[in-house]
Amino acid sequence: MALVTALLMLLVTAPASSGQRAGREPAQAADQVLTWTAGDDITKYTSAPATAVAGKTTIVFENSTATGNTTGMPHTLTFDVSDPEYNHDVTLNILANPGDDQGGRHTAEVTLTPGRYRYFCTMPGHEPMQGILVVTGGGGGEDTTPPETSVTLSGDKDPDGAYIGTATATVTASDTGSGVKGIEFALDDGPFTPYTAPVVVHEAGTHTLRYRATDTAGNTAPEKSVGFRVVAPPTGDTTPPETSAKVEGSKNSDGAYIGTATVTVTATDTGSGVRRVEYSVDGGPYLAYTAPVVVDRVGRHTVAHRATDTAGNTSAAKAASFTVAEGGGVPAPPCPEWDERLTVIVGTVGTGIPNRVTRNRCTINELIEDEKDWSSHALFLKHVRNVTGTLLEDGVVDEREHDTINEAAGRSGIGAPGQHQGYRHLFDGTRKSFERWEHVGGGAFGLDEDDSTITSSATTPGMGMLWFPARTYDDFSVRLQFRDDAPGDANANSGVFVRFPRVHDHPEEPRPEWVAITYGHEVQILDRPDGDPYKTGSVYGFDRVGLGGAGITPKGTWNDYEIRVVGQHYTVHRNGVLINEFENTGGQVFSPPRADDPGTDGRRYASGYIGLQVHGTTDVISYRNIRIQEL
């Protein structure tokens, strides 16, 4: 009780902040109301908003019997103003409990600005109660543009243009800003519902399909609609075919398919006979089924299937869901590149279009081949037109997506003078490429040729580095994949060293691995929720990215990582998303302070080497497909 009283006195007597005005109810209308609630749980808020828009805001924090507090437990809602990663222009610290003079319900007036706010509870033992509020809008380059949407109708038509038996509507959306959050559709006078797969309409009559999409920033596209008519098949056969799917492959102890799952679809029809069988992977467009479908991308998948008979009857879609686990090696199809980013990106130009797996099991990005050498821009554009033309014919993309990808190719400049050289492999999974690297310091990396990876040792102690001593690089983009393989519940600590001088016979640092640490920049890899505050994407010691901005993925997941250095400007992308930018200006001091560290003044080289950090035996990390492009 003494602690609660002391906190209450502190809150009452603290000077008012220009960003906050507390009280029972707001004195004037705000642009929005954001509500947090708490109860008996000391590990999380009962409810909390995830996003907001910039502007005047009423904050409501309620910790009362109505929100589930049966013990009188006090909680605070506090905004972090000490961490430079987050906005610190709102000083908010509200203490509430069911027995206070407002019954546990408090309000405050604040003005939010674009960016991220970290909030938490300051009560001892309540540290897990925390979260991130993402604020968009208000200018400053924030995403205020809604997604682009389109629909494609398919099915057999009669001479009047009506669909015979069945019409299928495939809705697509793309967003080059914050990304598509979800698509919704409504059929005729029905309500809007989430779109997860192509919409199949069997009922005869005239129909209207309405559709819209919302991005992560909260922008909703204007509602669009398409009209069509379905007529009954002209014969007496009104019974659609029957379909079934069989999933085969080797399974692990969790029931996941190891490396590859093969889906075989069969269809039968006792009437007019089967005319066409189709399948859809993970909610994508329906494609013609001509052979068993091989799925070899790691993750959870759903293969939908249906069939149409000669009379025009189309069966209701059925689905088979399964999980593919890591099985070793690169993807089985001969894809020209490896690119599993979520959306189609041509060079550095994003399209927002889903990076779908195509008929030959390569992704759209892999077929575009924006990492290879192109002798001219015109040749690259011709290649992209050919690729997207085939994808349009196959139904993988619609006309809007086809045009958007080609426009992105035109803006990319790939193949133009100064942009004709593609990426070169520094490590391609072979022993020959691995032997071009040199290890210094403690720890070790081992090669797994079957898996085309290098993995840090779980038995050789110490911190060290695997570096590429063949040559230095000036301006460059280095791309690789990494996977956190730390044992148990731990998370691996590693990083990519760039722009450091030669590590042997350095005049001021006799330890080779410390030459990279002291005179280069480490771009951090660390997804651990506690401990070191420099998380994945940080430029270690100088520019911190917290957990909320690191784009973390589940352990054991392969992540695309790109580090681009032009002059003294550093950018870091994870899985196609920009997570950090850093300007390596002089005069910046390493933080936390380290004896004899030269700061950025000692790290402003115009060229340097590339290296990979091994941190220790519990920080097991794997890398693969390491390549570099000179800019």
# chains A, B, ... in the order shown; residues from 1 in each chain; ligands from 1
$ residues_around --residues "Ala66 in chain A" --least-positions-apart "3" --cutoff "9 Å" --atoms "only C-alpha atoms" --output "ChimeraX atom specification"
/A:39,62-63,69,98
$ residues_around --residues "range 350-362 of chain A" --least-positions-apart "2" --cutoff "6 Å" --atoms "only C-alpha atoms" --output "ChimeraX atom specification"
/A:174-176,335,342-345,364
$ atom_distance --atom1 "CA of Thr57 in chain A" --atom2 "CA of Thr35 in chain A"
10.4 Å
$ atom_distance --atom1 "CA of Leu77 in chain A" --atom2 "CA of Asn93 in chain A"
5.7 Å
$ residues_around --residues "Ala516 in chain A" --least-positions-apart "4" --cutoff "7 Å" --atoms "only C-alpha atoms" --output "number ranges by chain"
A: 497, 500, 520
$ closest_residue --among "A:Arg275, A:His202, A:Arg431, A:Arg400" --to "Val171 in chain A" --atoms "only C-alpha atoms"
A:Arg400
$ closest_residue --among "A:Lys555, A:Lys246, A:His615, A:His506" --to "Asp527 in chain A" --atoms "only C-alpha atoms"
A:Lys555
$ atom_distance --atom1 "CA of Ile132 in chain A" --atom2 "CA of Arg212 in chain A"
27.4 Å
$ select_by_dssp --residues "range 220-305 of chain A" --states "strand (DSSP E or B)" --output "ChimeraX atom specification"
/A:220,224-231,242-248,251,257-258,261-268,274-281,287-288,293-295,299-305
$ residues_around --residues "range 389-392 of chain A" --least-positions-apart "2" --cutoff "10 Å" --atoms "only C-alpha atoms" --output "list in words"
Thr358, Arg359, Ile364, His383, Val384, Arg385, Asn386, Val387, Asp394, Gly395, Val396, Val397, Asp398, Glu399, Arg400, Glu401, His402, Asp403 and Asn406 of chain A
$ residues_around --residues "Gly556 in chain A" --least-positions-apart "4" --cutoff "6 Å" --atoms "only C-alpha atoms" --output "PyMOL selection string"
chain A and resi 483-485
$ write_last_selection --atoms "N, CA and C atoms" --output "mmCIF file, in the first residue's frame"
data_model
loop_
_atom_site.group_PDB
_atom_site.id
_atom_site.type_symbol
_atom_site.label_atom_id
_atom_site.label_comp_id
_atom_site.auth_asym_id
_atom_site.auth_seq_id
_atom_site.Cartn_x
_atom_site.Cartn_y
_atom_site.Cartn_z
ATOM 1 N N ARG A 483 19.385 -18.058 -40.593
ATOM 2 C CA ARG A 483 18.395 -18.812 -39.814
ATOM 3 C C ARG A 483 18.900 -18.945 -38.385
ATOM 4 N N ASP A 484 18.042 -18.630 -37.433
ATOM 5 C CA ASP A 484 18.364 -18.746 -36.009
ATOM 6 C C ASP A 484 18.197 -20.207 -35.594
ATOM 7 N N ASP A 485 19.326 -20.885 -35.310
ATOM 8 C CA ASP A 485 19.311 -22.293 -34.917
ATOM 9 C C ASP A 485 19.764 -22.493 -33.478
#
$ closest_residue --among "A:Gly537, A:Pro592, A:Gly587, A:Gly488" --to "Val620 in chain A" --atoms "only C-alpha atoms"
A:Gly488
$ residues_around --residues "range 427-430 of chain A" --least-positions-apart "4" --cutoff "8 Å" --atoms "only C-alpha atoms" --output "mmCIF file with C-alpha atoms, in the first residue's frame"
data_model
loop_
_atom_site.group_PDB
_atom_site.id
_atom_site.type_symbol
_atom_site.label_atom_id
_atom_site.label_comp_id
_atom_site.auth_asym_id
_atom_site.auth_seq_id
_atom_site.Cartn_x
_atom_site.Cartn_y
_atom_site.Cartn_z
ATOM 1 C CA PHE A 434 33.391 -22.029 -48.623
ATOM 2 C CA LEU A 447 29.836 -26.504 -44.097
ATOM 3 C CA ASP A 448 26.837 -28.718 -44.833
ATOM 4 C CA GLU A 449 26.995 -29.351 -48.557
ATOM 5 C CA ASP A 451 21.957 -28.341 -47.042
ATOM 6 C CA SER A 452 24.067 -25.737 -48.934
ATOM 7 C CA THR A 453 24.590 -23.872 -45.648
ATOM 8 C CA ILE A 454 27.276 -22.866 -43.177
ATOM 9 C CA ARG A 624 23.345 -19.528 -47.113
ATOM 10 C CA ASN A 625 23.192 -17.953 -50.579
ATOM 11 C CA ILE A 626 25.574 -15.048 -49.852
ATOM 12 C CA ARG A 627 25.984 -12.764 -52.856
#
$ residues_around --residues "range 575-577 of chain A" --least-positions-apart "4" --cutoff "7 Å" --atoms "only C-alpha atoms" --output "number ranges by chain"
A: 341, 559-561
$ closest_atom_pairs --of "range 534-623 of chain A" --to "range 458-469 of chain A" --cutoff "10 Å" --atoms "only C-alpha atoms" --output "Markdown table"
| residue | atom | partner | partner_atom | distance |
| --- | --- | --- | --- | --- |
| A:Gly608 | CA | A:Pro469 | CA | 9.8 |
| A:Tyr609 | CA | A:Phe468 | CA | 6.7 |
| A:Ile610 | CA | A:Phe468 | CA | 5.7 |
| A:Gly611 | CA | A:Trp467 | CA | 3.9 |
| A:Leu612 | CA | A:Leu466 | CA | 5.1 |
| A:Gln613 | CA | A:Met465 | CA | 4.5 |
| A:Val614 | CA | A:Gly464 | CA | 5.3 |
| A:His615 | CA | A:Met463 | CA | 4.5 |
| A:Gly616 | CA | A:Gly462 | CA | 5.3 |
| A:Thr617 | CA | A:Ala458 | CA | 4.2 |
| A:Thr618 | CA | A:Ala458 | CA | 6.2 |
| A:Asp619 | CA | A:Ala458 | CA | 7.8 |
| A:Val620 | CA | A:Ala458 | CA | 6.3 |
| A:Ile621 | CA | A:Ala458 | CA | 9.6 |
$ write_last_selection --atoms "all heavy atoms" --output "mmCIF file, in the first residue's frame"
data_model
loop_
_atom_site.group_PDB
_atom_site.id
_atom_site.type_symbol
_atom_site.label_atom_id
_atom_site.label_comp_id
_atom_site.auth_asym_id
_atom_site.auth_seq_id
_atom_site.Cartn_x
_atom_site.Cartn_y
_atom_site.Cartn_z
ATOM 1 N N GLY A 608 35.964 -1.794 -47.954
ATOM 2 C CA GLY A 608 36.340 -2.716 -46.889
ATOM 3 C C GLY A 608 35.900 -4.126 -47.201
ATOM 4 O O GLY A 608 35.375 -4.426 -48.282
ATOM 5 N N TYR A 609 36.086 -4.997 -46.216
ATOM 6 C CA TYR A 609 35.801 -6.420 -46.373
ATOM 7 C C TYR A 609 34.422 -6.773 -45.792
ATOM 8 O O TYR A 609 33.780 -5.957 -45.115
ATOM 9 C CB TYR A 609 36.886 -7.242 -45.678
ATOM 10 C CG TYR A 609 38.243 -7.134 -46.329
ATOM 11 C CD1 TYR A 609 39.164 -6.175 -45.908
ATOM 12 C CD2 TYR A 609 38.606 -7.985 -47.365
ATOM 13 C CE1 TYR A 609 40.415 -6.069 -46.500
ATOM 14 C CE2 TYR A 609 39.854 -7.886 -47.971
ATOM 15 C CZ TYR A 609 40.757 -6.932 -47.535
ATOM 16 O OH TYR A 609 41.995 -6.830 -48.131
ATOM 17 N N ILE A 610 34.010 -8.034 -46.055
ATOM 18 C CA ILE A 610 32.741 -8.586 -45.566
ATOM 19 C C ILE A 610 33.051 -9.732 -44.617
ATOM 20 O O ILE A 610 33.947 -10.550 -44.892
ATOM 21 C CB ILE A 610 31.882 -9.119 -46.739
ATOM 22 C CG1 ILE A 610 31.666 -8.044 -47.803
ATOM 23 C CG2 ILE A 610 30.549 -9.667 -46.223
ATOM 24 C CD1 ILE A 610 30.776 -6.915 -47.383
ATOM 25 N N GLY A 611 32.303 -9.840 -43.498
ATOM 26 C CA GLY A 611 32.511 -10.934 -42.557
ATOM 27 C C GLY A 611 31.229 -11.330 -41.838
ATOM 28 O O GLY A 611 30.259 -10.562 -41.801
ATOM 29 N N LEU A 612 31.230 -12.548 -41.257
ATOM 30 C CA LEU A 612 30.087 -13.081 -40.506
ATOM 31 C C LEU A 612 30.550 -13.397 -39.094
ATOM 32 O O LEU A 612 31.579 -14.068 -38.900
ATOM 33 C CB LEU A 612 29.543 -14.351 -41.164
ATOM 34 C CG LEU A 612 29.170 -14.263 -42.642
ATOM 35 C CD1 LEU A 612 28.803 -15.647 -43.166
ATOM 36 C CD2 LEU A 612 28.021 -13.289 -42.844
ATOM 37 N N GLN A 613 29.801 -12.968 -38.112
ATOM 38 C CA GLN A 613 30.193 -13.153 -36.719
ATOM 39 C C GLN A 613 29.700 -14.482 -36.165
ATOM 40 O O GLN A 613 28.572 -14.901 -36.435
ATOM 41 C CB GLN A 613 29.639 -12.022 -35.852
ATOM 42 C CG GLN A 613 30.100 -12.100 -34.391
ATOM 43 C CD GLN A 613 29.368 -11.103 -33.512
ATOM 44 O OE1 GLN A 613 28.159 -11.103 -33.451
ATOM 45 N NE2 GLN A 613 30.116 -10.245 -32.837
ATOM 46 N N VAL A 614 30.553 -15.153 -35.384
ATOM 47 C CA VAL A 614 30.126 -16.247 -34.517
ATOM 48 C C VAL A 614 30.325 -15.753 -33.088
ATOM 49 O O VAL A 614 31.389 -15.253 -32.735
ATOM 50 C CB VAL A 614 30.914 -17.548 -34.789
ATOM 51 C CG1 VAL A 614 32.412 -17.319 -34.709
ATOM 52 C CG2 VAL A 614 30.492 -18.624 -33.789
ATOM 53 N N HIS A 615 29.275 -15.869 -32.283
ATOM 54 C CA HIS A 615 29.289 -15.235 -30.960
ATOM 55 C C HIS A 615 29.606 -16.215 -29.844
ATOM 56 O O HIS A 615 30.154 -15.830 -28.813
ATOM 57 C CB HIS A 615 27.938 -14.568 -30.704
ATOM 58 C CG HIS A 615 28.014 -13.338 -29.857
ATOM 59 N ND1 HIS A 615 27.927 -13.363 -28.491
ATOM 60 C CD2 HIS A 615 28.195 -12.034 -30.178
ATOM 61 C CE1 HIS A 615 28.022 -12.132 -28.008
ATOM 62 N NE2 HIS A 615 28.192 -11.307 -29.017
ATOM 63 N N GLY A 616 29.217 -17.485 -30.009
ATOM 64 C CA GLY A 616 29.447 -18.473 -28.970
ATOM 65 C C GLY A 616 28.721 -19.760 -29.273
ATOM 66 O O GLY A 616 27.967 -19.866 -30.256
ATOM 67 N N THR A 617 28.913 -20.756 -28.420
ATOM 68 C CA THR A 617 28.355 -22.088 -28.683
ATOM 69 C C THR A 617 26.836 -22.146 -28.554
ATOM 70 O O THR A 617 26.206 -23.050 -29.108
ATOM 71 C CB THR A 617 28.985 -23.112 -27.740
ATOM 72 O OG1 THR A 617 28.790 -22.681 -26.376
ATOM 73 C CG2 THR A 617 30.469 -23.277 -28.013
ATOM 74 N N THR A 618 26.234 -21.215 -27.828
ATOM 75 C CA THR A 618 24.769 -21.207 -27.713
ATOM 76 C C THR A 618 24.119 -20.296 -28.741
ATOM 77 O O THR A 618 22.892 -20.252 -28.837
ATOM 78 C CB THR A 618 24.340 -20.758 -26.304
ATOM 79 O OG1 THR A 618 24.819 -19.443 -26.051
ATOM 80 C CG2 THR A 618 24.868 -21.718 -25.246
ATOM 81 N N ASP A 619 24.936 -19.579 -29.499
ATOM 82 C CA ASP A 619 24.420 -18.645 -30.513
ATOM 83 C C ASP A 619 24.533 -19.276 -31.901
ATOM 84 O O ASP A 619 25.171 -18.730 -32.804
ATOM 85 C CB ASP A 619 25.182 -17.322 -30.461
ATOM 86 C CG ASP A 619 24.963 -16.583 -29.154
ATOM 87 O OD1 ASP A 619 23.838 -16.132 -28.926
ATOM 88 O OD2 ASP A 619 25.928 -16.478 -28.370
ATOM 89 N N VAL A 620 23.905 -20.433 -32.065
ATOM 90 C CA VAL A 620 24.046 -21.172 -33.324
ATOM 91 C C VAL A 620 23.249 -20.468 -34.422
ATOM 92 O O VAL A 620 22.039 -20.230 -34.288
ATOM 93 C CB VAL A 620 23.571 -22.628 -33.159
ATOM 94 C CG1 VAL A 620 23.749 -23.385 -34.476
ATOM 95 C CG2 VAL A 620 24.351 -23.312 -32.034
ATOM 96 N N ILE A 621 23.938 -20.139 -35.514
ATOM 97 C CA ILE A 621 23.338 -19.398 -36.622
ATOM 98 C C ILE A 621 23.756 -20.063 -37.935
ATOM 99 O O ILE A 621 24.863 -20.582 -38.044
ATOM 100 C CB ILE A 621 23.798 -17.913 -36.595
ATOM 101 C CG1 ILE A 621 23.057 -17.061 -37.637
ATOM 102 C CG2 ILE A 621 25.298 -17.799 -36.790
ATOM 103 C CD1 ILE A 621 21.766 -16.506 -37.145
#
$ closest_residue --among "A:Ile368, A:Ala325, A:Ile579, A:Val151" --to "His301 in chain A" --atoms "only C-alpha atoms"
A:Ala325
$ select_by_dssp --residues "range 437-610 of chain A" --states "alpha helix (DSSP H)" --output "JSON, numbers by chain"
{"A": [512, 513, 514, 515, 516, 517, 518, 519]}
$ write_last_selection --atoms "N, CA, C and O atoms" --output "CSV table (one decimal), in the first residue's frame"
chain,number,residue,atom,x,y,z
A,512,PRO,N,42.7,-10.4,-34.9
A,512,PRO,CA,42.1,-10.2,-36.2
A,512,PRO,C,40.6,-9.9,-36.1
A,512,PRO,O,40.0,-9.0,-36.8
A,513,GLU,N,39.9,-10.7,-35.3
A,513,GLU,CA,38.4,-10.6,-35.2
A,513,GLU,C,38.0,-9.2,-34.7
A,513,GLU,O,36.9,-8.6,-35.0
A,514,TRP,N,38.9,-8.6,-33.8
A,514,TRP,CA,38.5,-7.3,-33.2
A,514,TRP,C,38.8,-6.2,-34.2
A,514,TRP,O,38.4,-5.0,-33.9
A,515,VAL,N,39.5,-6.4,-35.2
A,515,VAL,CA,39.7,-5.4,-36.2
A,515,VAL,C,38.4,-5.0,-36.9
A,515,VAL,O,38.0,-3.9,-37.0
A,516,ALA,N,37.6,-6.1,-37.2
A,516,ALA,CA,36.2,-5.9,-37.7
A,516,ALA,C,35.3,-5.2,-36.7
A,516,ALA,O,34.5,-4.3,-37.0
A,517,ILE,N,35.4,-5.6,-35.5
A,517,ILE,CA,34.6,-5.1,-34.4
A,517,ILE,C,34.9,-3.6,-34.2
A,517,ILE,O,33.9,-2.8,-34.0
A,518,THR,N,36.1,-3.2,-34.2
A,518,THR,CA,36.5,-1.9,-33.8
A,518,THR,C,36.6,-0.9,-34.9
A,518,THR,O,36.3,0.3,-34.8
A,519,TYR,N,36.9,-1.4,-36.1
A,519,TYR,CA,37.1,-0.5,-37.3
A,519,TYR,C,36.1,-0.7,-38.4
A,519,TYR,O,36.2,-0.1,-39.5
